[in-house]
Amino acid sequence: MYHFGVEKIDSFYEILIGRTLSQNGAHCREAEMNRRSVGVCLVGNFDLAPPPEKQLQATARIVSWAMREFKIPRERVIGHRDAGLMVGLDWTKGQYKSCPGRYFSLEAFREMLPPFL
């Protein structure tokens, strides 16, 4: 389970709360990310289409908060596929999940985040 989720409910993107931050997540076991990261899930399949701008904005709000709270530099904001690469699993070769998806640009998303404070 993730710590946060971002999902469209009616016509608004809501930030949903999952596990408490004092609990390990259950979102990414590779590279021990469950115990050393904050898990944020965007509901959608971004292998088929890019995420809507409003969903990215809501996600940037919760990720920016986590960055300030835990002193996380924006270059350390990663996706599942990056955690897989850390342990030698290449999503482009079908060895691991592509999350957050082929049409989700982590580089562009990081630009929405504040520089390290």
# chains A, B, ... in the order shown; residues from 1 in each chain; ligands from 1
$ residues_around --residues "Leu16 (chain A)" --least-positions-apart "4" --cutoff "8 Å" --atoms "only C-alpha atoms" --output "PyMOL selection string"
chain A and resi 4-7
$ closest_atom_pairs --of "region 3-77 of chain A" --to "region 93-112 of chain A" --cutoff "10 Å" --atoms "only C-alpha atoms" --output "Markdown table"
| residue | atom | partner | partner_atom | distance |
| --- | --- | --- | --- | --- |
| A:Cys41 | CA | A:Pro100 | CA | 8.7 |
| A:Leu42 | CA | A:Pro100 | CA | 8.0 |
| A:Val43 | CA | A:Pro100 | CA | 9.9 |
| A:Gly44 | CA | A:Pro100 | CA | 9.1 |
| A:Asn45 | CA | A:Gly101 | CA | 6.9 |
| A:Phe46 | CA | A:Gly101 | CA | 4.4 |
| A:Asp47 | CA | A:Gly101 | CA | 4.5 |
| A:Leu48 | CA | A:Tyr103 | CA | 7.0 |
| A:Ala49 | CA | A:Tyr103 | CA | 5.8 |
| A:Pro50 | CA | A:Tyr103 | CA | 4.7 |
| A:Pro51 | CA | A:Phe104 | CA | 6.7 |
| A:Leu56 | CA | A:Phe109 | CA | 7.4 |
| A:Gln57 | CA | A:Met112 | CA | 8.0 |
| A:Thr59 | CA | A:Phe109 | CA | 9.2 |
| A:Ala60 | CA | A:Met112 | CA | 6.5 |
| A:Arg61 | CA | A:Met112 | CA | 9.3 |
| A:Val63 | CA | A:Arg110 | CA | 9.7 |
| A:Ser64 | CA | A:Met112 | CA | 9.0 |
| A:Pro73 | CA | A:Arg110 | CA | 9.8 |
| A:Arg74 | CA | A:Arg110 | CA | 6.1 |
| A:Glu75 | CA | A:Arg110 | CA | 7.2 |
| A:Arg76 | CA | A:Arg110 | CA | 9.4 |
| A:Val77 | CA | A:Arg110 | CA | 7.3 |
$ write_last_selection --atoms "N, CA and C atoms" --output "tab-separated table (two decimals), in the first residue's frame"
chain	number	residue	atom	x	y	z
A	41	CYS	N	0.94	7.06	-5.38
A	41	CYS	CA	0.34	6.39	-6.54
A	41	CYS	C	-0.53	7.36	-7.31
A	42	LEU	N	-0.31	7.46	-8.61
A	42	LEU	CA	-1.21	8.19	-9.50
A	42	LEU	C	-2.10	7.15	-10.17
A	43	VAL	N	-3.39	7.28	-10.01
A	43	VAL	CA	-4.31	6.32	-10.60
A	43	VAL	C	-4.42	6.61	-12.09
A	44	GLY	N	-4.07	5.63	-12.91
A	44	GLY	CA	-4.12	5.78	-14.35
A	44	GLY	C	-3.10	4.87	-15.01
A	45	ASN	N	-3.23	4.71	-16.31
A	45	ASN	CA	-2.27	3.91	-17.08
A	45	ASN	C	-1.52	4.84	-18.01
A	46	PHE	N	-0.34	5.23	-17.60
A	46	PHE	CA	0.43	6.21	-18.35
A	46	PHE	C	1.38	5.56	-19.36
A	47	ASP	N	1.13	4.28	-19.64
A	47	ASP	CA	1.72	3.63	-20.81
A	47	ASP	C	0.84	3.90	-22.03
A	48	LEU	N	-0.40	4.32	-21.80
A	48	LEU	CA	-1.35	4.56	-22.90
A	48	LEU	C	-1.49	6.03	-23.25
A	49	ALA	N	-1.38	6.90	-22.26
A	49	ALA	CA	-1.55	8.34	-22.46
A	49	ALA	C	-0.88	9.07	-21.31
A	50	PRO	N	-0.49	10.33	-21.53
A	50	PRO	CA	0.13	11.08	-20.43
A	50	PRO	C	-0.90	11.42	-19.35
A	51	PRO	N	-0.42	11.64	-18.13
A	51	PRO	CA	-1.34	12.03	-17.06
A	51	PRO	C	-1.89	13.43	-17.32
A	56	LEU	N	-1.13	15.95	-12.38
A	56	LEU	CA	0.28	16.26	-12.12
A	56	LEU	C	0.41	17.36	-11.08
A	57	GLN	N	-0.44	18.38	-11.17
A	57	GLN	CA	-0.39	19.48	-10.20
A	57	GLN	C	-0.70	19.00	-8.79
A	59	THR	N	-0.31	15.97	-7.68
A	59	THR	CA	0.81	15.12	-7.28
A	59	THR	C	2.00	15.98	-6.87
A	60	ALA	N	2.26	17.04	-7.61
A	60	ALA	CA	3.37	17.93	-7.28
A	60	ALA	C	3.16	18.56	-5.89
A	61	ARG	N	1.91	18.83	-5.52
A	61	ARG	CA	1.66	19.40	-4.19
A	61	ARG	C	2.06	18.42	-3.09
A	63	VAL	N	4.04	15.74	-3.32
A	63	VAL	CA	5.47	15.42	-3.40
A	63	VAL	C	6.31	16.59	-2.88
A	64	SER	N	5.92	17.82	-3.18
A	64	SER	CA	6.63	18.99	-2.67
A	64	SER	C	6.58	19.03	-1.15
A	73	PRO	N	15.87	15.93	-2.05
A	73	PRO	CA	16.13	16.73	-3.25
A	73	PRO	C	15.31	16.20	-4.43
A	74	ARG	N	14.96	17.07	-5.34
A	74	ARG	CA	14.06	16.63	-6.42
A	74	ARG	C	14.66	15.57	-7.33
A	75	GLU	N	15.98	15.51	-7.43
A	75	GLU	CA	16.57	14.45	-8.27
A	75	GLU	C	16.39	13.07	-7.63
A	76	ARG	N	15.99	13.01	-6.36
A	76	ARG	CA	15.74	11.73	-5.69
A	76	ARG	C	14.27	11.30	-5.82
A	77	VAL	N	13.46	12.09	-6.51
A	77	VAL	CA	12.07	11.70	-6.80
A	77	VAL	C	12.14	10.74	-7.99
$ select_by_dssp --residues "chain A" --states "strand (DSSP E)" --output "list in words"
Phe4, Gly5, Val6, Glu7, Lys8, Ile9, Phe12, Tyr13, Glu14, Ile15, Leu16, Ile17, Val40, Cys41 and Leu42 of chain A
$ write_last_selection --atoms "N, CA and C atoms" --output "compact mmCIF listing (two decimals), in the first residue's frame"
# COMPACT_ATOMS: atom_id res chain seq x y z
N PHE A 4 0.29 7.73 -0.18
CA PHE A 4 -0.66 8.68 -0.76
C PHE A 4 -1.09 8.19 -2.14
N GLY A 5 -2.27 8.61 -2.54
CA GLY A 5 -2.77 8.34 -3.88
C GLY A 5 -3.36 9.61 -4.46
N VAL A 6 -3.31 9.73 -5.77
CA VAL A 6 -3.91 10.88 -6.45
C VAL A 6 -4.88 10.33 -7.48
N GLU A 7 -6.16 10.59 -7.25
CA GLU A 7 -7.21 10.01 -8.08
C GLU A 7 -8.30 11.04 -8.36
N LYS A 8 -8.88 10.93 -9.56
CA LYS A 8 -9.98 11.82 -9.92
C LYS A 8 -11.26 11.29 -9.28
N ILE A 9 -11.87 12.13 -8.47
CA ILE A 9 -13.14 11.80 -7.83
C ILE A 9 -14.12 12.90 -8.24
N PHE A 12 -12.66 16.41 -9.64
CA PHE A 12 -11.46 16.94 -8.99
C PHE A 12 -10.46 15.83 -8.71
N TYR A 13 -9.19 16.18 -8.76
CA TYR A 13 -8.14 15.24 -8.35
C TYR A 13 -7.92 15.40 -6.85
N GLU A 14 -8.11 14.31 -6.15
CA GLU A 14 -8.00 14.29 -4.70
C GLU A 14 -6.71 13.59 -4.29
N ILE A 15 -6.12 14.06 -3.20
CA ILE A 15 -4.98 13.39 -2.59
C ILE A 15 -5.55 12.50 -1.49
N LEU A 16 -5.38 11.21 -1.65
CA LEU A 16 -5.91 10.23 -0.71
C LEU A 16 -4.79 9.74 0.20
N ILE A 17 -5.13 9.45 1.44
CA ILE A 17 -4.14 9.00 2.41
C ILE A 17 -4.23 7.49 2.56
N VAL A 40 3.82 7.29 -3.52
CA VAL A 40 2.70 8.07 -4.06
C VAL A 40 2.22 7.38 -5.33
N CYS A 41 0.94 7.06 -5.38
CA CYS A 41 0.34 6.39 -6.54
C CYS A 41 -0.53 7.36 -7.31
N LEU A 42 -0.31 7.46 -8.61
CA LEU A 42 -1.21 8.19 -9.50
C LEU A 42 -2.10 7.15 -10.17
$ select_by_dssp --residues "region 5-117 of chain A" --states "helix (DSSP H, G or I)" --output "PyMOL selection string"
chain A and resi 30-36+53-70+74-76+80-86+91-93+106-111
$ write_last_selection --atoms "N, CA and C atoms" --output "CSV table (one decimal), in the first residue's frame"
chain,number,residue,atom,x,y,z
A,30,GLU,N,11.9,-3.3,-4.3
A,30,GLU,CA,13.3,-3.3,-4.9
A,30,GLU,C,14.1,-2.1,-4.2
A,31,ALA,N,15.3,-2.4,-4.0
A,31,ALA,CA,16.3,-1.4,-3.4
A,31,ALA,C,15.8,-1.0,-2.0
A,32,GLU,N,15.0,-1.8,-1.4
A,32,GLU,CA,14.4,-1.5,0.0
A,32,GLU,C,13.6,-0.2,0.0
A,33,MET,N,13.0,0.1,-1.1
A,33,MET,CA,12.2,1.4,-1.1
A,33,MET,C,11.0,1.4,-0.2
A,34,ASN,N,10.5,0.3,0.2
A,34,ASN,CA,9.3,0.3,1.1
A,34,ASN,C,9.7,0.9,2.4
A,35,ARG,N,10.9,0.7,2.9
A,35,ARG,CA,11.2,1.2,4.2
A,35,ARG,C,12.0,2.6,4.1
A,36,ARG,N,12.3,3.0,2.9
A,36,ARG,CA,13.1,4.2,2.9
A,36,ARG,C,12.6,5.3,1.9
A,53,GLU,N,-2.8,17.3,-16.7
A,53,GLU,CA,-2.1,18.3,-16.0
A,53,GLU,C,-2.6,18.5,-14.6
A,54,LYS,N,-3.9,18.5,-14.4
A,54,LYS,CA,-4.5,18.7,-13.0
A,54,LYS,C,-4.0,17.6,-12.1
A,55,GLN,N,-3.9,16.4,-12.6
A,55,GLN,CA,-3.4,15.3,-11.8
A,55,GLN,C,-1.9,15.5,-11.4
A,56,LEU,N,-1.1,16.0,-12.4
A,56,LEU,CA,0.3,16.3,-12.1
A,56,LEU,C,0.4,17.4,-11.1
A,57,GLN,N,-0.4,18.4,-11.2
A,57,GLN,CA,-0.4,19.5,-10.2
A,57,GLN,C,-0.7,19.0,-8.8
A,58,ALA,N,-1.7,18.2,-8.6
A,58,ALA,CA,-2.1,17.6,-7.3
A,58,ALA,C,-0.9,16.8,-6.8
A,59,THR,N,-0.3,16.0,-7.7
A,59,THR,CA,0.8,15.1,-7.3
A,59,THR,C,2.0,16.0,-6.9
A,60,ALA,N,2.3,17.0,-7.6
A,60,ALA,CA,3.4,17.9,-7.3
A,60,ALA,C,3.2,18.6,-5.9
A,61,ARG,N,1.9,18.8,-5.5
A,61,ARG,CA,1.7,19.4,-4.2
A,61,ARG,C,2.1,18.4,-3.1
A,62,ILE,N,1.6,17.2,-3.2
A,62,ILE,CA,2.0,16.2,-2.1
A,62,ILE,C,3.5,15.8,-2.1
A,63,VAL,N,4.0,15.7,-3.3
A,63,VAL,CA,5.5,15.4,-3.4
A,63,VAL,C,6.3,16.6,-2.9
A,64,SER,N,5.9,17.8,-3.2
A,64,SER,CA,6.6,19.0,-2.7
A,64,SER,C,6.6,19.0,-1.1
A,65,TRP,N,5.4,18.7,-0.6
A,65,TRP,CA,5.3,18.6,0.9
A,65,TRP,C,6.3,17.6,1.4
A,66,ALA,N,6.3,16.4,0.8
A,66,ALA,CA,7.2,15.3,1.3
A,66,ALA,C,8.6,15.7,1.2
A,67,MET,N,9.0,16.4,0.1
A,67,MET,CA,10.3,16.9,-0.1
A,67,MET,C,10.8,17.8,1.1
A,68,ARG,N,9.9,18.8,1.4
A,68,ARG,CA,10.2,19.7,2.5
A,68,ARG,C,10.3,18.9,3.8
A,69,GLU,N,9.3,18.1,4.1
A,69,GLU,CA,9.2,17.4,5.4
A,69,GLU,C,10.4,16.5,5.6
A,70,PHE,N,10.9,15.8,4.6
A,70,PHE,CA,11.9,14.8,4.7
A,70,PHE,C,13.3,15.2,4.1
A,74,ARG,N,15.0,17.1,-5.3
A,74,ARG,CA,14.1,16.6,-6.4
A,74,ARG,C,14.7,15.6,-7.3
A,75,GLU,N,16.0,15.5,-7.4
A,75,GLU,CA,16.6,14.5,-8.3
A,75,GLU,C,16.4,13.1,-7.6
A,76,ARG,N,16.0,13.0,-6.4
A,76,ARG,CA,15.7,11.7,-5.7
A,76,ARG,C,14.3,11.3,-5.8
A,80,HIS,N,8.9,3.6,-10.0
A,80,HIS,CA,9.2,2.2,-9.9
A,80,HIS,C,10.3,1.7,-10.8
A,81,ARG,N,10.2,2.2,-12.1
A,81,ARG,CA,11.2,1.7,-13.1
A,81,ARG,C,12.6,2.1,-12.6
A,82,ASP,N,12.8,3.2,-12.0
A,82,ASP,CA,14.1,3.6,-11.5
A,82,ASP,C,14.6,2.7,-10.4
A,83,ALA,N,13.7,2.3,-9.5
A,83,ALA,CA,14.1,1.4,-8.4
A,83,ALA,C,14.5,0.1,-9.0
A,84,GLY,N,13.8,-0.4,-10.1
A,84,GLY,CA,14.2,-1.6,-10.8
A,84,GLY,C,15.5,-1.5,-11.4
A,85,LEU,N,15.9,-0.4,-12.0
A,85,LEU,CA,17.2,-0.2,-12.6
A,85,LEU,C,18.3,-0.3,-11.5
A,86,MET,N,18.0,0.2,-10.3
A,86,MET,CA,19.0,0.1,-9.2
A,86,MET,C,19.4,-1.3,-8.9
A,91,TRP,N,13.3,-2.0,-17.4
A,91,TRP,CA,11.9,-2.0,-17.9
A,91,TRP,C,11.8,-1.9,-19.4
A,92,THR,N,12.7,-1.3,-20.1
A,92,THR,CA,12.7,-1.2,-21.6
A,92,THR,C,12.9,-2.6,-22.2
A,93,LYS,N,13.4,-3.6,-21.5
A,93,LYS,CA,13.5,-4.9,-22.0
A,93,LYS,C,12.5,-5.9,-21.4
A,106,LEU,N,9.4,11.8,-16.0
A,106,LEU,CA,9.8,12.2,-14.7
A,106,LEU,C,10.6,13.5,-14.7
A,107,GLU,N,11.4,13.7,-15.8
A,107,GLU,CA,12.2,14.9,-15.9
A,107,GLU,C,11.2,16.2,-15.9
A,108,ALA,N,10.2,16.1,-16.7
A,108,ALA,CA,9.2,17.3,-16.7
A,108,ALA,C,8.5,17.4,-15.3
A,109,PHE,N,8.2,16.3,-14.7
A,109,PHE,CA,7.5,16.3,-13.4
A,109,PHE,C,8.5,17.0,-12.4
A,110,ARG,N,9.7,16.6,-12.4
A,110,ARG,CA,10.7,17.1,-11.4
A,110,ARG,C,10.8,18.6,-11.6
A,111,GLU,N,10.6,19.1,-12.8
A,111,GLU,CA,10.7,20.6,-13.0
A,111,GLU,C,9.5,21.3,-12.4
$ atom_distance --atom1 "CA of Thr20 (chain A)" --atom2 "CA of Met1 (chain A)"
10.2 Å
$ decode --residues "region 63-110 of chain A" --atoms "C-alpha atoms" --output "compact mmCIF listing (two decimals), in the first residue's frame"
# COMPACT_ATOMS: atom_id res chain seq x y z
CA VAL A 63 5.47 15.42 -3.40
CA SER A 64 6.63 18.99 -2.67
CA TRP A 65 5.30 18.64 0.87
CA ALA A 66 7.16 15.33 1.33
CA MET A 67 10.34 16.89 -0.07
CA ARG A 68 10.19 19.69 2.51
CA GLU A 69 9.19 17.37 5.36
CA PHE A 70 11.95 14.81 4.73
CA LYS A 71 14.55 17.03 3.01
CA ILE A 72 14.39 15.10 -0.26
CA PRO A 73 16.13 16.73 -3.25
CA ARG A 74 14.06 16.63 -6.42
CA GLU A 75 16.57 14.45 -8.27
CA ARG A 76 15.74 11.73 -5.69
CA VAL A 77 12.07 11.70 -6.80
CA ILE A 78 11.91 8.45 -8.78
CA GLY A 79 9.48 5.93 -10.23
CA HIS A 80 9.21 2.16 -9.87
CA ARG A 81 11.21 1.72 -13.05
CA ASP A 82 14.13 3.63 -11.51
CA ALA A 83 14.09 1.40 -8.43
CA GLY A 84 14.16 -1.59 -10.76
CA LEU A 85 17.18 -0.19 -12.59
CA MET A 86 18.96 0.14 -9.22
CA VAL A 87 18.85 -3.64 -8.89
CA GLY A 88 19.57 -4.44 -12.54
CA LEU A 89 16.01 -4.81 -13.90
CA ASP A 90 15.47 -2.91 -17.16
CA TRP A 91 11.86 -1.97 -17.89
CA THR A 92 12.67 -1.24 -21.56
CA LYS A 93 13.55 -4.95 -21.97
CA GLY A 94 10.37 -6.16 -20.25
CA GLN A 95 12.24 -7.19 -17.10
CA TYR A 96 10.32 -4.83 -14.82
CA LYS A 97 7.32 -2.52 -14.70
CA SER A 98 7.40 0.75 -16.61
CA CYS A 99 5.69 2.69 -13.82
CA PRO A 100 4.97 5.55 -13.84
CA GLY A 101 4.56 4.80 -17.56
CA ARG A 102 6.00 5.49 -20.99
CA TYR A 103 4.07 8.76 -21.29
CA PHE A 104 5.01 10.05 -17.84
CA SER A 105 8.08 12.25 -18.04
CA LEU A 106 9.85 12.19 -14.69
CA GLU A 107 12.15 14.94 -15.93
CA ALA A 108 9.21 17.25 -16.70
CA PHE A 109 7.53 16.34 -13.41
CA ARG A 110 10.69 17.14 -11.45
